[in-house]
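**Q** For reference, this is target-v4.txt, and it has compact mmCIF, C-alpha atoms and all ligand atoms.
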```
# COMPACT_ATOMS: atom_id res chain seq x y z
CA MET G 106 0.00 0.00 0.00
CA THR G 107 1.29 3.49 -0.84
CA THR G 108 0.25 7.01 0.16
CA GLU G 109 1.89 10.06 -1.33
CA ALA G 110 1.95 13.86 -1.02
CA THR G 111 3.87 16.71 -2.65
CA ALA G 112 4.43 20.14 -1.10
CA ILE G 113 6.24 23.30 -2.11
CA ALA G 114 7.88 25.93 0.12
CA HIS G 115 10.03 29.03 -0.27
CA PRO G 116 13.16 30.21 1.53
CA ASN G 117 12.89 33.09 3.98
CA VAL G 118 15.22 35.83 5.09
CA ALA G 119 15.26 36.92 8.72
CA LEU G 120 14.95 40.65 9.39
CA SER G 121 15.63 40.11 13.09
CA LYS G 122 18.06 37.21 13.30
CA TYR G 123 18.09 33.93 15.16
CA TRP G 124 21.61 32.91 16.26
CA GLY G 125 22.06 30.43 19.12
CA LYS G 126 20.05 27.49 20.40
CA ARG G 127 18.54 27.33 23.88
CA GLU G 128 20.14 24.03 24.77
CA GLU G 129 23.62 25.32 23.86
CA VAL G 130 23.19 28.67 25.53
CA ALA G 131 22.12 26.90 28.69
CA GLY G 132 25.39 25.00 28.69
CA ALA G 133 27.80 27.67 27.40
CA VAL G 134 26.53 30.91 28.91
CA GLY G 135 25.54 29.37 32.23
CA LEU G 136 21.75 29.61 32.17
CA GLY G 137 21.36 26.11 33.52
CA ALA G 138 19.45 23.43 31.62
CA GLY G 139 15.72 24.14 31.67
CA PRO G 140 12.81 21.88 30.83
CA LEU G 141 13.19 22.90 27.17
CA SER G 142 16.78 21.77 26.81
CA GLY G 143 17.36 18.61 24.84
CA PRO G 144 17.06 17.96 21.14
CA ALA G 145 14.02 20.17 20.45
CA ASN G 146 16.12 22.72 18.50
CA ILE G 147 14.61 25.79 20.11
CA PRO G 148 16.09 29.19 19.21
CA ALA G 149 17.64 31.20 22.04
CA VAL G 150 16.28 34.50 20.65
CA PRO G 151 13.12 35.49 18.79
CA SER G 152 13.35 36.20 15.05
CA LEU G 153 11.16 37.75 12.37
CA SER G 154 11.43 36.77 8.72
CA VAL G 155 9.96 37.42 5.31
CA THR G 156 8.98 34.39 3.26
CA LEU G 157 10.21 34.89 -0.31
CA GLU G 158 8.61 34.09 -3.62
CA GLY G 159 10.35 33.28 -6.86
CA LEU G 160 12.49 30.48 -5.38
CA THR G 161 10.88 27.14 -4.60
CA THR G 162 11.64 23.70 -3.16
CA ARG G 163 9.30 20.89 -4.19
CA ALA G 164 9.27 17.72 -2.05
CA THR G 165 7.41 14.45 -2.68
CA VAL G 166 7.06 11.75 -0.02
CA ARG G 167 5.62 8.31 -0.71
CA PHE G 168 5.15 5.81 2.10
CA ASP G 169 5.28 2.34 0.63
CA THR G 170 4.84 -1.08 2.31
CA SER G 171 7.13 -2.67 -0.28
CA LEU G 172 10.19 -0.56 0.63
CA ALA G 173 12.81 -2.17 2.91
CA GLU G 174 14.50 1.17 3.70
CA ASP G 175 14.03 4.90 3.19
CA ARG G 176 15.21 6.25 -0.16
CA VAL G 177 16.18 9.92 -0.39
CA THR G 178 16.95 11.87 -3.57
CA LEU G 179 18.06 15.52 -3.37
CA ASP G 180 18.19 17.51 -6.62
CA GLY G 181 18.16 14.26 -8.59
CA ALA G 182 21.05 12.51 -6.79
CA ALA G 183 20.82 9.84 -4.08
CA ALA G 184 21.52 11.50 -0.71
CA ARG G 185 24.14 9.99 1.62
CA GLY G 186 25.68 10.62 5.00
CA GLN G 187 24.56 13.63 6.99
CA ALA G 188 22.18 14.93 4.29
CA ARG G 189 20.29 11.62 4.22
CA ALA G 190 20.35 11.28 8.02
CA ARG G 191 18.62 14.65 8.52
CA VAL G 192 15.75 13.56 6.25
CA VAL G 193 15.45 10.11 7.85
CA ASP G 194 15.40 11.76 11.30
CA MET G 195 12.31 13.70 10.26
CA LEU G 196 10.63 10.55 8.89
CA ASP G 197 11.45 8.75 12.17
CA ARG G 198 9.91 11.53 14.26
CA VAL G 199 6.67 11.28 12.30
CA ARG G 200 6.68 7.46 12.48
CA LEU G 201 7.27 7.60 16.23
CA VAL G 202 4.28 9.81 17.03
CA SER G 203 1.87 8.44 14.40
CA GLY G 204 2.42 4.69 14.45
CA GLU G 205 3.32 4.82 10.73
CA THR G 206 5.59 1.84 10.05
CA ARG G 207 6.18 2.05 6.30
CA ARG G 208 9.50 3.22 4.80
CA ALA G 209 9.41 6.18 2.43
CA GLU G 210 10.69 7.35 -0.90
CA VAL G 211 11.60 11.06 -0.69
CA ALA G 212 12.48 13.32 -3.61
CA SER G 213 13.27 16.99 -3.05
CA ARG G 214 14.29 19.52 -5.70
CA ASN G 215 15.17 23.22 -5.60
CA ASP G 216 14.47 25.42 -8.62
CA PHE G 217 17.37 27.62 -7.44
CA PRO G 218 21.05 26.69 -7.10
CA THR G 219 22.07 25.71 -3.58
CA ALA G 220 24.86 28.30 -3.82
CA SER G 221 22.32 31.03 -4.62
CA GLY G 222 22.85 32.59 -1.21
CA LEU G 223 19.41 31.58 -0.03
CA ALA G 224 19.14 28.91 2.63
CA SER G 225 17.85 25.76 0.97
CA SER G 226 17.45 24.04 4.35
CA ALA G 227 14.58 26.40 5.27
CA SER G 228 12.52 25.77 2.14
CA GLY G 229 13.68 22.13 1.96
CA PHE G 230 12.62 21.09 5.45
CA ALA G 231 9.42 23.17 5.28
CA ALA G 232 8.28 21.44 2.06
CA LEU G 233 9.40 18.07 3.39
CA ALA G 234 7.60 18.47 6.74
CA LEU G 235 4.29 19.23 5.04
CA ALA G 236 4.70 16.41 2.50
CA VAL G 237 5.63 13.82 5.18
CA VAL G 238 2.69 14.77 7.38
CA ARG G 239 0.18 14.54 4.54
CA ALA G 240 1.68 11.34 3.09
CA ALA G 241 1.27 9.78 6.56
CA ARG G 242 -2.39 10.94 6.40
CA LEU G 243 -2.04 13.10 9.54
CA ASP G 244 -4.36 16.03 9.97
CA TRP G 245 -1.89 18.44 11.59
CA ASP G 246 -2.35 22.21 11.61
CA ALA G 247 0.37 24.64 10.45
CA ALA G 248 1.69 25.11 14.01
CA ARG G 249 2.33 21.40 14.38
CA VAL G 250 3.93 21.09 10.92
CA SER G 251 6.12 24.10 11.78
CA ASP G 252 7.17 22.41 15.03
CA LEU G 253 8.23 19.35 13.03
CA ALA G 254 10.17 21.50 10.53
CA ARG G 255 11.94 23.40 13.35
CA ARG G 256 13.39 20.19 14.77
CA SER G 257 15.31 19.73 11.49
CA SER G 258 16.27 23.38 10.94
CA VAL G 259 15.09 26.35 12.99
CA SER G 260 14.60 28.68 10.01
CA ALA G 261 12.41 26.04 8.28
CA ALA G 262 9.75 26.60 10.97
CA ARG G 263 9.19 30.09 9.53
CA SER G 264 8.87 28.97 5.88
CA ILE G 265 5.70 27.01 6.75
CA LEU G 266 3.93 30.37 6.95
CA GLY G 267 3.72 33.19 4.42
CA GLY G 268 4.26 36.94 4.64
CA PHE G 269 6.04 38.21 7.76
CA VAL G 270 6.64 35.46 10.29
CA GLU G 271 7.81 35.53 13.91
CA LEU G 272 9.48 32.62 15.65
CA ASP G 273 9.52 33.08 19.41
CA GLY G 274 10.67 30.06 21.38
CA PRO G 275 9.26 26.96 19.71
CA VAL G 276 6.28 28.65 18.06
CA ALA G 277 6.09 30.32 14.63
CA ARG G 278 3.22 32.66 13.79
CA GLN G 279 2.36 35.08 11.03
CA VAL G 280 2.77 38.69 12.19
CA ALA G 281 1.47 40.26 8.96
CA PRO G 282 0.30 39.01 5.56
CA ARG G 283 2.47 39.37 2.44
CA ASP G 284 0.83 42.60 1.21
CA HIS G 285 1.35 44.37 4.57
CA LEU G 286 4.57 46.13 3.54
CA PRO G 287 5.73 46.45 -0.09
CA LEU G 288 9.27 45.06 -0.09
CA ALA G 289 11.80 43.68 -2.56
CA VAL G 290 14.83 41.64 -1.54
CA LEU G 291 17.84 41.85 -3.86
CA VAL G 292 20.16 38.93 -3.15
CA CYS G 293 23.76 39.79 -4.05
CA VAL G 294 25.55 36.49 -4.67
CA THR G 295 29.25 36.91 -3.88
CA SER G 296 30.62 33.35 -4.02
CA GLU G 297 29.77 30.05 -5.75
CA GLY G 298 31.34 27.77 -3.15
CA PRO G 299 29.69 26.15 -0.15
CA LYS G 300 29.99 28.09 3.10
CA MET G 301 33.00 27.40 5.31
CA VAL G 302 31.10 26.70 8.53
CA GLY G 303 27.48 25.53 8.65
CA SER G 304 25.09 27.65 10.71
CA THR G 305 24.56 25.01 13.41
CA GLU G 306 28.31 24.81 14.00
CA GLY G 307 28.83 28.58 13.59
CA MET G 308 26.34 29.43 16.32
CA ARG G 309 27.67 26.69 18.59
CA ARG G 310 31.19 28.17 18.35
CA THR G 311 29.81 31.68 18.89
CA MET G 312 28.03 30.69 22.11
CA GLU G 313 31.08 28.85 23.34
CA ARG G 314 33.84 31.30 22.41
CA SER G 315 32.56 34.80 21.75
CA PRO G 316 33.15 37.35 24.53
CA PHE G 317 30.04 39.07 23.13
CA ALA G 318 27.64 36.09 23.11
CA ARG G 319 25.88 37.38 26.23
CA ALA G 320 25.57 40.86 24.70
CA TRP G 321 24.02 39.38 21.54
CA LEU G 322 21.54 37.29 23.55
CA ASP G 323 20.51 40.38 25.54
CA GLU G 324 20.30 42.70 22.53
CA ALA G 325 18.55 40.43 19.98
CA PRO G 326 15.13 40.36 21.72
CA LYS G 327 15.15 44.18 21.98
CA LEU G 328 15.99 44.61 18.30
CA HIS G 329 13.30 42.03 17.49
CA ALA G 330 10.59 43.80 19.54
CA ALA G 331 11.42 47.18 17.97
CA LEU G 332 11.46 45.68 14.47
CA ARG G 333 8.11 43.98 15.02
CA GLU G 334 6.61 47.30 16.10
CA ALA G 335 8.11 49.14 13.10
CA LEU G 336 6.73 46.45 10.77
CA LEU G 337 3.24 46.70 12.24
CA ALA G 338 3.48 50.51 11.80
CA ARG G 339 4.57 49.95 8.15
CA ASP G 340 7.67 52.06 8.78
CA PHE G 341 9.97 50.85 5.98
CA ASP G 342 13.03 52.84 7.09
CA LYS G 343 12.81 51.74 10.69
CA VAL G 344 12.38 48.10 9.62
CA GLY G 345 15.43 48.43 7.36
CA GLU G 346 17.60 50.13 9.99
CA LEU G 347 16.75 47.52 12.61
CA ALA G 348 17.23 44.62 10.19
CA GLU G 349 20.70 45.88 9.33
CA ALA G 350 21.50 46.41 13.02
CA SER G 351 20.36 42.86 13.86
CA ALA G 352 22.54 41.33 11.12
CA LEU G 353 25.58 43.39 12.14
CA ALA G 354 25.17 42.49 15.82
CA MET G 355 24.82 38.80 14.97
CA HIS G 356 27.93 38.86 12.79
CA ALA G 357 29.90 40.86 15.35
CA SER G 358 29.30 38.09 17.88
CA ALA G 359 30.22 35.39 15.33
CA ILE G 360 33.35 37.22 14.10
CA SER G 361 34.60 37.65 17.66
CA ALA G 362 34.48 33.86 17.97
CA GLY G 363 36.52 33.46 14.78
CA VAL G 364 33.43 32.59 12.71
CA VAL G 365 33.83 34.91 9.72
CA TYR G 366 31.26 34.42 6.94
CA TRP G 367 32.14 37.62 5.05
CA ASN G 368 34.38 38.03 2.03
CA GLY G 369 35.66 41.22 0.40
CA ALA G 370 32.52 41.60 -1.71
CA THR G 371 30.32 41.44 1.40
CA ILE G 372 32.01 44.62 2.63
CA GLU G 373 31.85 46.24 -0.82
CA VAL G 374 28.07 45.68 -0.94
CA LEU G 375 27.68 47.13 2.57
CA SER G 376 29.40 50.30 1.39
CA THR G 377 27.29 50.50 -1.81
CA VAL G 378 24.18 50.25 0.39
CA ARG G 379 25.47 53.04 2.62
CA ALA G 380 26.27 55.21 -0.41
CA LEU G 381 22.74 54.64 -1.79
CA ARG G 382 21.31 55.77 1.53
CA ASP G 383 23.58 58.83 1.67
CA ALA G 384 22.26 59.74 -1.79
CA GLY G 385 18.67 59.48 -0.55
CA THR G 386 17.58 55.96 -1.61
CA PRO G 387 16.37 53.82 1.29
CA ALA G 388 18.29 50.53 1.03
CA TYR G 389 19.32 48.28 3.92
CA ALA G 390 21.51 45.19 4.13
CA THR G 391 21.14 41.89 5.90
CA ILE G 392 23.54 38.93 5.89
CA ASP G 393 22.98 35.28 6.88
CA ALA G 394 25.53 32.57 7.58
CA GLY G 395 27.40 33.16 4.33
CA PRO G 396 29.11 35.92 2.32
CA HIS G 397 26.04 37.02 0.33
CA VAL G 398 24.21 40.26 1.09
CA LYS G 399 20.44 40.62 0.88
CA VAL G 400 19.41 44.20 0.21
CA LEU G 401 15.98 45.38 1.32
CA VAL G 402 14.42 48.05 -0.88
CA ARG G 403 11.03 49.44 -1.77
CA PRO G 404 9.72 47.87 -5.02
CA GLU G 405 9.78 51.26 -6.80
CA ASP G 406 13.54 51.58 -6.12
CA VAL G 407 14.56 48.19 -7.59
CA ALA G 408 15.36 49.65 -11.03
CA ARG G 409 17.74 52.18 -9.48
CA VAL G 410 19.34 49.96 -6.83
CA ARG G 411 19.88 46.81 -8.87
CA PRO G 412 22.47 48.27 -11.31
CA ALA G 413 24.41 49.78 -8.39
CA LEU G 414 24.60 46.36 -6.74
CA GLU G 415 25.44 44.57 -10.00
CA SER G 416 28.38 46.90 -10.62
CA THR G 417 29.77 46.45 -7.09
CA ALA G 418 33.14 44.69 -7.09
CA GLY G 419 32.79 40.96 -6.39
CA VAL G 420 29.04 40.66 -6.94
CA LEU G 421 28.49 37.68 -9.27
CA ARG G 422 24.76 38.19 -9.81
CA VAL G 423 21.68 39.68 -8.23
CA ILE G 424 18.49 37.66 -7.65
CA GLU G 425 15.27 39.57 -7.04
CA ALA G 426 12.66 38.17 -4.64
CA ARG G 427 9.37 39.47 -3.25
CA VAL G 428 7.28 38.53 -0.23
CA GLY G 429 5.68 35.11 -0.75
CA GLU G 430 3.28 32.50 0.61
CA GLY G 431 3.86 29.70 3.08
CA ALA G 432 4.29 25.97 2.35
CA ARG G 433 1.39 24.32 0.54
CA LEU G 434 0.34 21.02 -0.97
CA VAL G 435 0.37 20.64 -4.76
CA GLU G 436 -0.48 17.86 -7.23
CA SER G 437 2.18 15.14 -7.23
C1 LIG G 501 21.85 33.40 10.16
O1 LIG G 501 18.06 27.69 10.60
O2 LIG G 501 20.09 27.31 9.15
O3 LIG G 501 20.13 32.53 8.78
O4 LIG G 501 18.64 25.63 13.08
O5 LIG G 501 21.00 24.95 12.91
O6 LIG G 501 19.44 24.52 10.99
P1 LIG G 501 19.79 25.39 12.17
O7 LIG G 501 20.19 26.80 11.59
P2 LIG G 501 19.51 27.67 10.48
O8 LIG G 501 20.11 29.10 10.92
C2 LIG G 501 19.76 30.29 10.32
C3 LIG G 501 20.62 31.38 10.84
C4 LIG G 501 20.50 32.70 10.13
C5 LIG G 501 19.51 33.64 10.84
C6 LIG G 501 18.05 33.33 10.65
O9 LIG G 501 17.64 32.78 9.63
O10 LIG G 501 17.30 33.72 11.57
```
Please lay out the structure from this file as structure tokens.
Ligand code: DP6
**A**
Amino acid sequence: MTTEATAIAHPNVALSKYWGKREEVAGAVGLGAGPLSGPANIPAVPSLSVTLEGLTTRATVRFDTSLAEDRVTLDGAAARGQARARVVDMLDRVRLVSGETRRAEVASRNDFPTASGLASSASGFAALALAVVRAARLDWDAARVSDLARRSSVSAARSILGGFVELDGPVARQVAPRDHLPLAVLVCVTSEGPKMVGSTEGMRRTMERSPFARAWLDEAPKLHAALREALLARDFDKVGELAEASALAMHASAISAGVVYWNGATIEVLSTVRALRDAGTPAYATIDAGPHVKVLVRPEDVARVRPALESTAGVLRVIEARVGEGARLVES
């Protein structure tokens, strides 16, 4: 007997950043292990993201009584090692709580290159979580699917929902729908290679070694609360200023632990963004766990800002994204 489901999801970019997991912070910064420590993958600070459209992961899951083991294909190639283990872990979690005993065939494909500068783990685990749940014939709401996605990758919890999404502790919720604030995100790709240090490892080192880890953990919730308020007030400039401040504070803590994601082009783009602002165009930068810079602009300024970014030294290409919808089921 087989049951199958296919879901799509988009990446997201955090305006107020998540960096640090509760369980690690408890150990490294001396908070003491609370009831939430353990493998639940709960962020140490709240974050607020925008789900993007224009880039999509499509995941199909088929539970099948005739399979002896799980089969996982990522972008057309059989997955092995750590990549396969992360997918099987999610399948096991669903089997454990649902009584599902069948093995599964999983195929996941991105319509954007993994080195595009946009986190494929967010869209990948969001699409996969929804597809697994439906293929197992479980009637879970978005909050429960998001909880499942978060256990594989924290940022994936936010891609379950569309528009502007907050993740506070274990729970993701939509703060505002996609049309709340007109926004374009220009992704400046500055390197083709994989990142040096994965985000899980980068934040672990930061919490363990950065003299500023405590300062980041204290500051991030304040930046988040102010950004949330600015977003609700539709104050584009305030949202942009706070998003840039959140990214810079996060990277300052990482850099002080020796976790440097930036390259020369990252800094060049930051100065282009500052020059645009000095010349009167509102543009703000945010940076995730990699060297690429995501520039936040008003849609009417894209035509002016894009060429300035494209001619910045070290920028390989610019990808334009807008605010998008959450994960959803599609025809297999
Ligand atoms: C810098 O969600 O990729 O993009 O939970 O370990 O899978 P894991 O990390 P991940 O980290 C994202 C970090 C960030 C900031 C953010 O998206 O909030």
**Q** Quick one: residues within 10 Å of Asp406 of chain G, only C-alpha atoms counted, chain neighbours fewer than 6 positions away excluded, as a VMD selection string?
**A** chain G and resid 288 to 289 386 to 388
**Q** I'd like the neighbourhood of Pro316 of chain G as a compact mmCIF listing (two decimals) with C-alpha atoms, keeping the file's coordinate frame, where a residue qualifies if any of its atoms comes within 10 Å (using all atoms listed in the file), though same-chain residues fewer than 6 positions away should be ignored.
**A**
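Produced file around.txt, reproduced below:
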```txt
# COMPACT_ATOMS: atom_id res chain seq x y z
CA SER G 358 29.30 38.09 17.88
CA ALA G 359 30.22 35.39 15.33
CA SER G 361 34.60 37.65 17.66
CA ALA G 362 34.48 33.86 17.97
```
**Q** As a PyMOL selection string, please: every protein or nucleic acid residue near ligand LIG 501 (chain G) (cut-off 9 Å, counting all atoms listed in the file).
**A** chain G and resi 117-126+146-148+151-154+223-227+255-263+272+303-309+352+355-356+392-395
**Q** Fewer than 4 positions away in the same chain doesn't count, so skip those; otherwise give me all residues within 10 Å of segment 407-416 of chain G, counting only C-alpha atoms, as a list of chain:residue names.
**A**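 Close residues of segment 407-416 of chain G: G:Leu288, G:Ala289, G:Val290, G:Leu291, G:Val292, G:Cys293, G:Val294, G:Glu373, G:Val374, G:Leu375, G:Thr377, G:Val378, G:Ala380, G:Leu381, G:Thr386, G:Pro387, G:Ala388, G:Val398, G:Val400, G:Leu401, G:Val402, G:Arg403, G:Val420, G:Leu421, G:Arg422, G:Val423, G:Ile424, G:Glu425.
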**Q** Once you have the residues from the selection above, write them out as a PDB file, keeping the file's coordinate frame, restricted to C-alpha atoms.
**A**
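Just written: result-v5.pdb:
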```
ATOM      1  CA  LEU G 288       9.270  45.060  -0.090  1.00  0.00           C
ATOM      2  CA  ALA G 289      11.800  43.680  -2.560  1.00  0.00           C
ATOM      3  CA  VAL G 290      14.830  41.640  -1.540  1.00  0.00           C
ATOM      4  CA  LEU G 291      17.840  41.850  -3.860  1.00  0.00           C
ATOM      5  CA  VAL G 292      20.160  38.930  -3.150  1.00  0.00           C
ATOM      6  CA  CYS G 293      23.760  39.790  -4.050  1.00  0.00           C
ATOM      7  CA  VAL G 294      25.550  36.490  -4.670  1.00  0.00           C
ATOM      8  CA  GLU G 373      31.850  46.240  -0.820  1.00  0.00           C
ATOM      9  CA  VAL G 374      28.070  45.680  -0.940  1.00  0.00           C
ATOM     10  CA  LEU G 375      27.680  47.130   2.570  1.00  0.00           C
ATOM     11  CA  THR G 377      27.290  50.500  -1.810  1.00  0.00           C
ATOM     12  CA  VAL G 378      24.180  50.250   0.390  1.00  0.00           C
ATOM     13  CA  ALA G 380      26.270  55.210  -0.410  1.00  0.00           C
ATOM     14  CA  LEU G 381      22.740  54.640  -1.790  1.00  0.00           C
ATOM     15  CA  THR G 386      17.580  55.960  -1.610  1.00  0.00           C
ATOM     16  CA  PRO G 387      16.370  53.820   1.290  1.00  0.00           C
ATOM     17  CA  ALA G 388      18.290  50.530   1.030  1.00  0.00           C
ATOM     18  CA  VAL G 398      24.210  40.260   1.090  1.00  0.00           C
ATOM     19  CA  VAL G 400      19.410  44.200   0.210  1.00  0.00           C
ATOM     20  CA  LEU G 401      15.980  45.380   1.320  1.00  0.00           C
ATOM     21  CA  VAL G 402      14.420  48.050  -0.880  1.00  0.00           C
ATOM     22  CA  ARG G 403      11.030  49.440  -1.770  1.00  0.00           C
ATOM     23  CA  VAL G 420      29.040  40.660  -6.940  1.00  0.00           C
ATOM     24  CA  LEU G 421      28.490  37.680  -9.270  1.00  0.00           C
ATOM     25  CA  ARG G 422      24.760  38.190  -9.810  1.00  0.00           C
ATOM     26  CA  VAL G 423      21.680  39.680  -8.230  1.00  0.00           C
ATOM     27  CA  ILE G 424      18.490  37.660  -7.650  1.00  0.00           C
ATOM     28  CA  GLU G 425      15.270  39.570  -7.040  1.00  0.00           C
TER      29      GLU G 425
END
```
**Q** Excluding Val192 of chain G and any residue of its chain fewer than 5 positions from it, enumerate the residues within 9 Å of it, using all atoms listed in the file, and give them as JSON, numbers by chain.
**A** {"G": [177, 187, 197, 211, 230, 233, 257]}
**Q** Quick one: distance from atom CA of Asp216 of chain G to atom CA of Thr111 of chain G in Å, one decimal?
**A**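 Straight-line distance from atom CA of Asp216 of chain G to atom CA of Thr111 of chain G works out to 15.0 Å.
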**Q** Just to confirm, what's the straight-line distance from atom CA of Ala248 of chain G to atom CA of Gly229 of chain G in Å (one decimal)?
**A** 17.3 Å
**Q** Quick one: of G:Arg333, G:Lys327, G:Lys399, G:Arg163, who's nearest to Val270 of chain G, counting all atoms listed in the file?
**A**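 Among G:Arg333, G:Lys327, G:Lys399, G:Arg163, it is G:Arg333 that comes nearest to Val270 of chain G.
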**Q** Do you have the atom CA of Thr391 of chain G-atom CA of Arg310 of chain G distance handy?
**A** 21.1 Å
**Q** Please determine, counting all atoms listed in the file, which residue among G:Ser171, G:Ala182, G:Val302, G:Val155 has the shortest atom-to-atom distance to Thr206 of chain G.
**A** G:Ser171
**Q** Which residue, G:Ser251, G:Thr107, G:Ser376, G:Thr417, has the smallest gap to Leu235 of chain G when you use all atoms listed in the file?
**A**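 Looking at the shortest contact to Leu235 of chain G, the residue is G:Ser251.
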**Q** Considering only C-alpha atoms, can you say which of G:Ala212, G:Ile360, G:Leu286, G:Ala432 comes closest to Pro404 of chain G?
**A** G:Leu286
**Q** Kindly provide, as JSON, the centre and edge lengths (Å, one decimal) of an axis-aligned box around all atoms of segment 210-218 of chain G given in the file, with 4 Å on each side.
**A**
```
{"center_x": 15.9, "center_y": 17.5, "center_z": -4.7, "size_x": 18.4, "size_y": 28.3, "size_z": 15.9}
```
**Q** Calculated over all atoms listed in the file, which of the candidates G:Leu243, G:Ala254, G:His285, G:Glu271 has the smallest distance to Asp340 of chain G?
**A** G:His285
**Q** Applying 9 Å and all atoms listed in the file, which residues near Gly369 of chain G remain after dropping the ones on its own chain fewer than 5 positions away? List them as a list in words.
**A**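 Everything that qualifies: Thr295, Val374, Pro396, Ala418 and Gly419 of chain G.
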**Q** Nearest to Ala112 of chain G: which of G:Ala281, G:Leu337, G:Val237, G:Ala426 is it, counting all atoms listed in the file?
**A**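 Residue with the minimum atom-to-atom distance to Ala112 of chain G: G:Val237.
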